[in-house]
Structure formats: structure tokens, C-alpha cells
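Scroll down for the structure; my scribbles are underneath it.
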Amino acid sequence: MKRQIFHKLLKPEEALTYLIDHFKPRPTGIELVHLTECVGRVLAEDIVSPIDVPPFDRATMDGYAVRSIDLENASEINPVELKVVGRVDAGDKPRVEVLDGTCVEIATGAPIPPGADSVVMVEYTSERGGVVRIYRSTYPGENIAFTGTDISKGEIILRKCTKITHREIALLASVGIDRVPVFKKPRVGILSTGNEIVEPGEELDIGKIYNTNSYMIYAACIEMGCEAKIYPTCRDNEKELESSILKALRENDIVIVSGGTSAGISDVTYRVLNKIGKILIHGLLIRPGKPTVIADVDGKPVFGLPGYPNSALLVFNIIARPFISKMLCIEEECRKINAVIVKKVLGSPGRRTYIPVIVVERDGRYLAYPIEMTQGAISPVVNCDGYIVIPEDREYIDEGENVEVILDKDYRKVDLLVIGSHDIVLDKILNEISLKYKIRQVNVGSMSGILAVKSGVADMAGIHIVDEETGQYNIPILKKLNVKNAILVRGWLREQGIIIRKGNPKNIKSIEDFLRPDVRIVNRNRGAGTRILLDIYLKKISEKLGITFQELVKKIRGYTYEVKTHTAVAAAVAQGRADAGLGIRIAAEMYNLDFIPLTWEEYDILIRKDSISRKPVEEFLKIVRSEKFRETLTKLSGYRPCEDIGEVIEF
């Protein structure tokens, strides 16, 4: 089977314009729905008010309906007395008329009786024996809501293509409309492809991943106001995929397929769509998301999204979403804010690059912190506030440049932003204070955490980097990086060691065994504290053997096999992809592995000085410094408190 080649690559706006011109998407029909069922729906017609609102002249205060002419010159020292000839409550019909020298007691919302032109508040009156004494004058129309002053009969109160929220519901109810003409929901069929895909809830075997895309795209369609249906995942089999797509097309207006859209031998989506329909687009000039395919099958659009979740969501948002919006008769507003990028980001010359970012507000301006996005990553989808775009003709955007952030969701200011090395104890503390405050946590490693605090983006970072020269943790690194806008709070100790398989079948006893030809290791990513610690051990071994460090690591199988977390190290050992790796004890225990202890590392908390007085930080430090927390650490395997836990360390 030959590889397919991409057709002419298009810019997103070119692709979208072409699709709209080709399909001319529009609503598929109109239906009447009850008021209680039209939230999120889109109006199919202008709504004209059948009544005036209010439908009668009504009192806006409790008091007395009067003729203003009778109260001329009324005051505290010159009160006017009127005879009370009746009372009108809300819902009543007035049965008396206000004549010269009389008034009617009235409740808020009650109709104004004939003859009255104003309402005097009860606070300015006193009544005895059917006569009310009034201590101030009124002007015509005072405390009266006249017929139609809010809405006039025949007025267009809502226009076609308005999306209905609780506000529109209130307006419709106020004029007595209970059946609303709305556009029919576009029906979207969703399915994923891939031999590796299993459904959430099923057991996950080696080589398998959970079906993320179907549920993600399903939720996005439901949020837009579509009727969506997930179809069973297809294997990489052309006949099976063809049958599934055709079934979905019979039952829906649009079909969205994720996976198998690239040009590889095993990528079948393109081949199937080319067989059953006409390929309109194959390849976008963007990164991520280049392997996108869109076809016309019997007059209906089939969107083939890339298999990686972040790529699939990006293409959905910039191509499928605006297309579907046309079928809903809505124009979704692209929300943007201006920000300053705090870290250099690289583009892809010739392709438009989308970089997910976290946005924080500092001193009246927005800062954008780019999130590293690897193929297949799902965390950027959750953690990012939006994207910045690097144009096709730029190689990078430099630190400090002004950028435009395309918001992927409503921006909400967080009370505490934590960026740094992951730790389960840190998780527990943040979970506790998240009951009171909005917390965001991004796990990217110690070095990235330090830089995030230094740049002013993060409030806090968990760090554990050992200095090669001194053997000390954290402080020497902070000095070398010239971090001056933060303080270091002493945290806790974590036991580092060699994670090995249960029973130690390779009889690994020390780091030196990593040099054996029958041992394969898994390493941590560069910049991680654990990676730095391993390199320190290896440099001592290289000196002992009289060879260079570079020569030594070439002898280690798996040295370049890098993962980003302690649990990823343990998973690689548990799944047989490695025989050993450096990590913390608790990660080994999570995967029921053996552990050879080597040392205790210091896990400290770096806090931005400007954040010290913030309530969430004060709450965090209160917990860390408590005796209860110290006792908790003592009981936790592979953890123990530092003697000076919670103290500020000068650097």
C-alpha cells in the first residue's frame, strides 16, 4: 500500500472560506419548543411582543394613590389630610376612583385606580380613622410604572439568530410566550479510529490509550448547541471505517472523524473519504493540525481531525466550530486580549504555529506563559487559557514581546498559580486550600518553575534541584539564575533511589549497574532535579573509570529515553520498557516495584515576594508550618519533614 501525499496545504481562513462557499451551511429547519426547553437554542424568527409591559399602570411602592394637585405645598409642618376610600393589592382590579380630597391605599405592583396620577410612599404618611395625613407633595407619574414603558406591544424584543439564555427566557416569559420558534439542532456524528483506542472504563493494556477525542469533541458540540452522537471506535480497517462513516452520515448532518488523517501507510481515513466522496481539503498550513482532511460525501461535510487531542481540538475550534456556527445561525465572537510573552517560543517557518499559553494579570497588564506542547499531550488542553499565533513568516517570538492571545475559554483570574515540579504532598495542600480559593497547578519541572516565578507569572513553584558543584539543593541554582523577586521556604525531604522490577531480576545494586550491557534504563527530562542528580552520580563514576562523561553515557542503554515524571519512570519499569530508573520511593510503591534507596532530596517552595501577603499563600504556609502536617509527612512512605520546615531560607 502506497503512502498518500498531502494536497495543496491551505491557511485556516482559506480552508474555512472554501468550505463555506462549497457547502453554504445554514440551519436545517425550524421547530417550536416549550419555554423550558429552549435554553441554548437559537431563535429562528424575530419575536414581537404581543402585549405592553407593564400591561397596566402599576404602583412601584407601597403607599397611597393620590392626585398630585391635592398635595401641593404638603410638608412636615403643613401636612395634607385625605380620606381613604379603598385599597388595591397586587392582582386586584381597582373598584373605586380617586376624587378630589380622597386617596386609595395601594400595594407595590397593584394597578393604579382611576383619577390618581401618583403614589406617595407610606413612609411619608400616617393614617388614623380612615384619614391619612401626608407630609410631602408628589409630582405627576411619581412611583408609577406606566403601561408599555418597559416594552411596547408590537415591539421586536428579540431578533432572529439570538442564542437563548436565562435572560432571553425572562423576556419571553414576561410577555407571555410559552412556545418559541428555534432552529433545529445540527446533528453531529463523532467517531475515532485506531487499533490503539479503548473506551474509558475499560482496562488499559500496554500499547493502548483511552478514547479522548470522541468525548472531547462530543462535549464541544453539545456546548455549542448541537445534537451529538458518539459512534463505536473503528480499527484501522478501511471497510469498517467506510461502513461506520456511511452509517453516521445517514443519521447526521455532519460527521467528525479523529485519527488516521495523515499520509502514513496505516492512515485510512483519507483513503476511505477519497473512495466514498470528494476530498476538498487535505492538509493545513498550521502546527499542530497539519494532517487535516475534509471531504464532501453525498453533499454532507466529513471533517477528519488529527488523532492527537490538542491538534484535534485546535482544528475543531478554527475550522469545524465556525462552520457549525453557520448551521446554528450564530456568529461566535473570537475573544482576544493583549499580553506580554514571558518566554521565547519557536515557530515553524512556512506554517502558522499555535502555542497554548496561561494568562495571568500582574500590575495591570497580562502576562502569557507558554505551555510546552508535545504530540499527544492532553494537559495543555486543560491548563491553557488560549493560544498565541506565530505567523508563517516568523521563526520565533522573543521574550518580552507583545502578543495577542486568542482565548479558548472565559478568562478567570486565579487566586494562586503554581508552576513547577509535581509532588503528591503539594497536591494535598493545594487541594485543601482550593476549597476557599481558585487554584491552578501546572507541573512542568523544577527549572521551568523557577523561571515562571522569576518572570512574574507564577506565585509559587515546588523545586528540587541539586547543584553539581556544592551538592546543595535549590539555593545555589537560585543564585546562579539571579532570582531576586522571590523567597525560598523550606519544605520536606523525599527519598530518591533506583526503581527496579519486583524481585530485582537483573540483580541491580547501584548506579554503576546502569553501565551493564544487559541493563536498560529510563531517564528523566533535562532540567529535572532527578536528571541532574543522576548526572552527578554518573560524573563521579566517569572520573573513577578515567573516561569522559560523554563516553560514559554512550555506554548506558536508555540514557536518552526521557520521561517527565517520577510515575512515568515507574511505569516504564513496570511495563518492561526499562529495567531501572531514578525516582522517588512513593512512585515505585504506586506500581508495586522494588526500590533501592540512595539519598534524601530537599523539596522546597519558591514564592514570589509580591505573593507572600496573598491569602492563599498565607493559608499554604500555615498548613506547612503546622504540627499536624509534620505528623502527616512522618507517616508517609518516602517522605519526612525538614527540621526547619516552613522557615524562610535566605539566598
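Residues in the C-alpha cells are named by chain (A, B, ... in the order shown) and by number from 1 within that chain; ligands are numbered from 1 in the order shown.
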
Next on the checklist: Could you go through stretch 376-524 of chain A and tell me which residues DSSP, when run on the backbone, assigns to strand (DSSP E or B), listing them as a PyMOL selection string?
Outcome noted: chain A and resi 386-390+396-397+402-407+416-420+439-443+460-463+466+473+486-500+520-524

Checklist entry - Taking the backbone alone, and naming residues the way the document does, which bits of stretch 302-547 of chain A are helix (DSSP H, G or I) by DSSP, as a PyMOL selection string? => result chain A and resi 309-328+379-383+424-433+446-454+475-480+511-515+529-545

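Distance-wise, atom CA of A:Met224 and atom CA of A:Gly40 end up 7.9 Å apart.
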
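Residues in contact range of A:Phe549, defined as at most 12 Å between only C-alpha atoms, with sequence neighbours fewer than 2 positions away removed, read Leu534, Asp535, Ile536, Tyr537, Leu538, Lys539, Lys540, Ile541, Ser542, Glu543, Lys544, Leu545, Gly546, Ile547, Glu551, Leu552, Val553, Lys554, Lys555 and Ile556 of chain A.
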
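The closest residue to A:Val180, picked from A:Ile197, A:Val268, A:Val33, A:Cys234 and counting only C-alpha atoms, is A:Val33.
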
Item to check | A:Asn431 surroundings by only C-alpha atoms, 12 Å radius, close-in-sequence under 2 positions cut, as a ChimeraX atom specification | outcome: /A:416,424-429,433-441,616,619-620,623

Deliver the residues from the most recent selection as a file, using C-alpha atoms, as an mmCIF file, in the first residue's frame.
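This went into selection-v2.cif:
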data_model
loop_
_atom_site.group_PDB
_atom_site.id
_atom_site.type_symbol
_atom_site.label_atom_id
_atom_site.label_comp_id
_atom_site.auth_asym_id
_atom_site.auth_seq_id
_atom_site.Cartn_x
_atom_site.Cartn_y
_atom_site.Cartn_z
ATOM 1 C CA LEU A 416 -2.923 31.145 43.186
ATOM 2 C CA ILE A 424 1.729 14.420 45.869
ATOM 3 C CA VAL A 425 2.187 16.228 49.182
ATOM 4 C CA LEU A 426 1.991 19.576 47.415
ATOM 5 C CA ASP A 427 -1.187 18.290 45.734
ATOM 6 C CA LYS A 428 -2.747 17.534 49.122
ATOM 7 C CA ILE A 429 -2.052 21.035 50.454
ATOM 8 C CA ILE A 433 -6.917 25.399 50.204
ATOM 9 C CA SER A 434 -8.782 25.045 46.897
ATOM 10 C CA LEU A 435 -11.956 24.769 48.972
ATOM 11 C CA LYS A 436 -11.593 28.511 49.601
ATOM 12 C CA TYR A 437 -9.586 29.762 46.648
ATOM 13 C CA LYS A 438 -9.297 29.197 42.916
ATOM 14 C CA ILE A 439 -6.027 27.344 42.379
ATOM 15 C CA ARG A 440 -4.284 26.444 39.137
ATOM 16 C CA GLN A 441 -1.397 23.994 39.135
ATOM 17 C CA PRO A 616 -3.918 31.575 49.609
ATOM 18 C CA GLU A 619 -3.067 29.626 54.145
ATOM 19 C CA PHE A 620 -0.496 27.410 52.408
ATOM 20 C CA ILE A 623 -0.533 24.347 56.795
#

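Within 7 Å of A:Arg585, once only C-alpha atoms are used and residues closer than 6 positions along the same chain are dropped, the contacting residues are Glu495, Gln496, Gly497, Phe595 and Gly638 of chain A.
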
Atoms kept (N, CA and C atoms) for selection, written as an mmCIF file, in the first residue's frame:
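Wrote it out as out_22.cif, contents follow:
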data_model
loop_
_atom_site.group_PDB
_atom_site.id
_atom_site.type_symbol
_atom_site.label_atom_id
_atom_site.label_comp_id
_atom_site.auth_asym_id
_atom_site.auth_seq_id
_atom_site.Cartn_x
_atom_site.Cartn_y
_atom_site.Cartn_z
ATOM 1 N N GLU A 495 12.613 10.627 49.475
ATOM 2 C CA GLU A 495 13.642 9.613 49.309
ATOM 3 C C GLU A 495 13.807 9.257 47.838
ATOM 4 N N GLN A 496 15.017 9.494 47.328
ATOM 5 C CA GLN A 496 15.352 9.174 45.945
ATOM 6 C C GLN A 496 16.110 7.854 45.891
ATOM 7 N N GLY A 497 15.884 7.109 44.826
ATOM 8 C CA GLY A 497 16.591 5.849 44.697
ATOM 9 C C GLY A 497 16.373 5.232 43.335
ATOM 10 N N PHE A 595 12.654 -0.924 45.312
ATOM 11 C CA PHE A 595 13.289 0.383 45.420
ATOM 12 C C PHE A 595 14.610 0.252 46.166
ATOM 13 N N GLY A 638 8.509 7.322 52.272
ATOM 14 C CA GLY A 638 9.427 8.043 51.406
ATOM 15 C C GLY A 638 9.434 9.532 51.616
#

Just want the 12 Å neighbourhood of stretch 124-130 of chain A, counted on only C-alpha atoms, with same-chain residues fewer than 2 positions away dropped. Output as a PDB file with C-alpha atoms, in the first residue's frame.
ATOM      1  CA  MET A  61     -44.057  51.486  46.005  1.00  0.00           C
ATOM      2  CA  ASP A  62     -46.380  50.744  48.923  1.00  0.00           C
ATOM      3  CA  GLY A  63     -48.334  53.875  49.807  1.00  0.00           C
ATOM      4  CA  TYR A  64     -51.367  55.819  48.655  1.00  0.00           C
ATOM      5  CA  ALA A  65     -52.593  56.559  45.151  1.00  0.00           C
ATOM      6  CA  LEU A  71     -50.774  67.623  47.748  1.00  0.00           C
ATOM      7  CA  ALA A  74     -47.663  69.487  51.621  1.00  0.00           C
ATOM      8  CA  SER A  75     -44.781  69.268  54.134  1.00  0.00           C
ATOM      9  CA  GLU A  76     -43.822  68.164  57.638  1.00  0.00           C
ATOM     10  CA  PRO A  79     -49.445  68.133  56.140  1.00  0.00           C
ATOM     11  CA  VAL A  80     -52.447  67.447  53.911  1.00  0.00           C
ATOM     12  CA  GLU A  81     -55.265  65.170  55.042  1.00  0.00           C
ATOM     13  CA  LEU A  82     -57.093  62.911  52.559  1.00  0.00           C
ATOM     14  CA  LYS A  83     -59.921  60.451  53.019  1.00  0.00           C
ATOM     15  CA  VAL A  84     -59.009  56.818  52.320  1.00  0.00           C
ATOM     16  CA  VAL A  85     -61.781  55.405  50.123  1.00  0.00           C
ATOM     17  CA  GLY A  86     -60.391  51.928  49.431  1.00  0.00           C
ATOM     18  CA  ARG A  87     -57.400  49.656  48.973  1.00  0.00           C
ATOM     19  CA  THR A 102     -59.571  61.294  48.533  1.00  0.00           C
ATOM     20  CA  CYS A 103     -56.922  58.633  48.070  1.00  0.00           C
ATOM     21  CA  VAL A 104     -56.617  54.835  47.805  1.00  0.00           C
ATOM     22  CA  GLU A 105     -54.220  52.712  49.802  1.00  0.00           C
ATOM     23  CA  VAL A 119     -48.245  57.382  44.593  1.00  0.00           C
ATOM     24  CA  VAL A 120     -46.951  58.806  47.843  1.00  0.00           C
ATOM     25  CA  MET A 121     -44.725  56.407  49.789  1.00  0.00           C
ATOM     26  CA  VAL A 122     -46.140  55.078  53.028  1.00  0.00           C
ATOM     27  CA  VAL A 132     -54.354  59.737  56.038  1.00  0.00           C
ATOM     28  CA  ARG A 133     -52.059  62.621  56.856  1.00  0.00           C
ATOM     29  CA  ILE A 134     -49.438  63.203  54.131  1.00  0.00           C
ATOM     30  CA  TYR A 135     -46.187  65.096  54.805  1.00  0.00           C
ATOM     31  CA  ARG A 136     -44.845  65.738  51.320  1.00  0.00           C
ATOM     32  CA  SER A 137     -46.055  66.562  47.829  1.00  0.00           C
ATOM     33  CA  THR A 138     -45.834  64.386  44.710  1.00  0.00           C
TER      34      THR A 138
END

Checklist entry - Hey, what's within 12 Å of A:Ala572 if we count only C-alpha atoms and toss same-chain stuff fewer than 6 positions away? As a ChimeraX atom specification, please? => result /A:206-207,499-501,520-524,558,561-566,578-583,587-588,591,593

Item to check | Interatomic distance, atom CA of A:Asn211 to atom CA of A:Ser192 (Å, one decimal) | outcome: 7.4 Å

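You will find atom CA of A:Asp117 at 10.2 Å from atom CA of A:Phe146.
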
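Using only C-alpha atoms for every distance, the candidate list A:Asn482, A:Ile69, A:Ile596, A:Gly527 yields A:Ile596 as the residue closest to A:Asn507.
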
Checklist entry - Between A:Glu601, A:Glu589, A:Glu432, A:Asp518, which is the closest to A:Ser637 once you count only C-alpha atoms? => result A:Glu589

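Between A:Leu280 and the residues A:Ala228, A:Ile341, A:Met447, A:Leu10, the shortest atom-to-atom distance, using only C-alpha atoms, involves A:Leu10.
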
Sorted by chain and rising residue number, list the residues of stretch 216-297 of chain A at most 10 Å from stretch 386-395 of chain A (counting only C-alpha atoms), each with its closest atom pair and distance in Å to one decimal, as a Markdown table.
| residue | atom | partner | partner_atom | distance |
| --- | --- | --- | --- | --- |
| A:Leu285 | CA | A:Glu392 | CA | 8.2 |
| A:Ile286 | CA | A:Glu392 | CA | 8.3 |
| A:Arg287 | CA | A:Ile390 | CA | 9.7 |

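Using only C-alpha atoms for every distance, the candidate list A:Leu241, A:Gly189, A:Val444, A:Leu533 yields A:Leu533 as the residue closest to A:Glu468.
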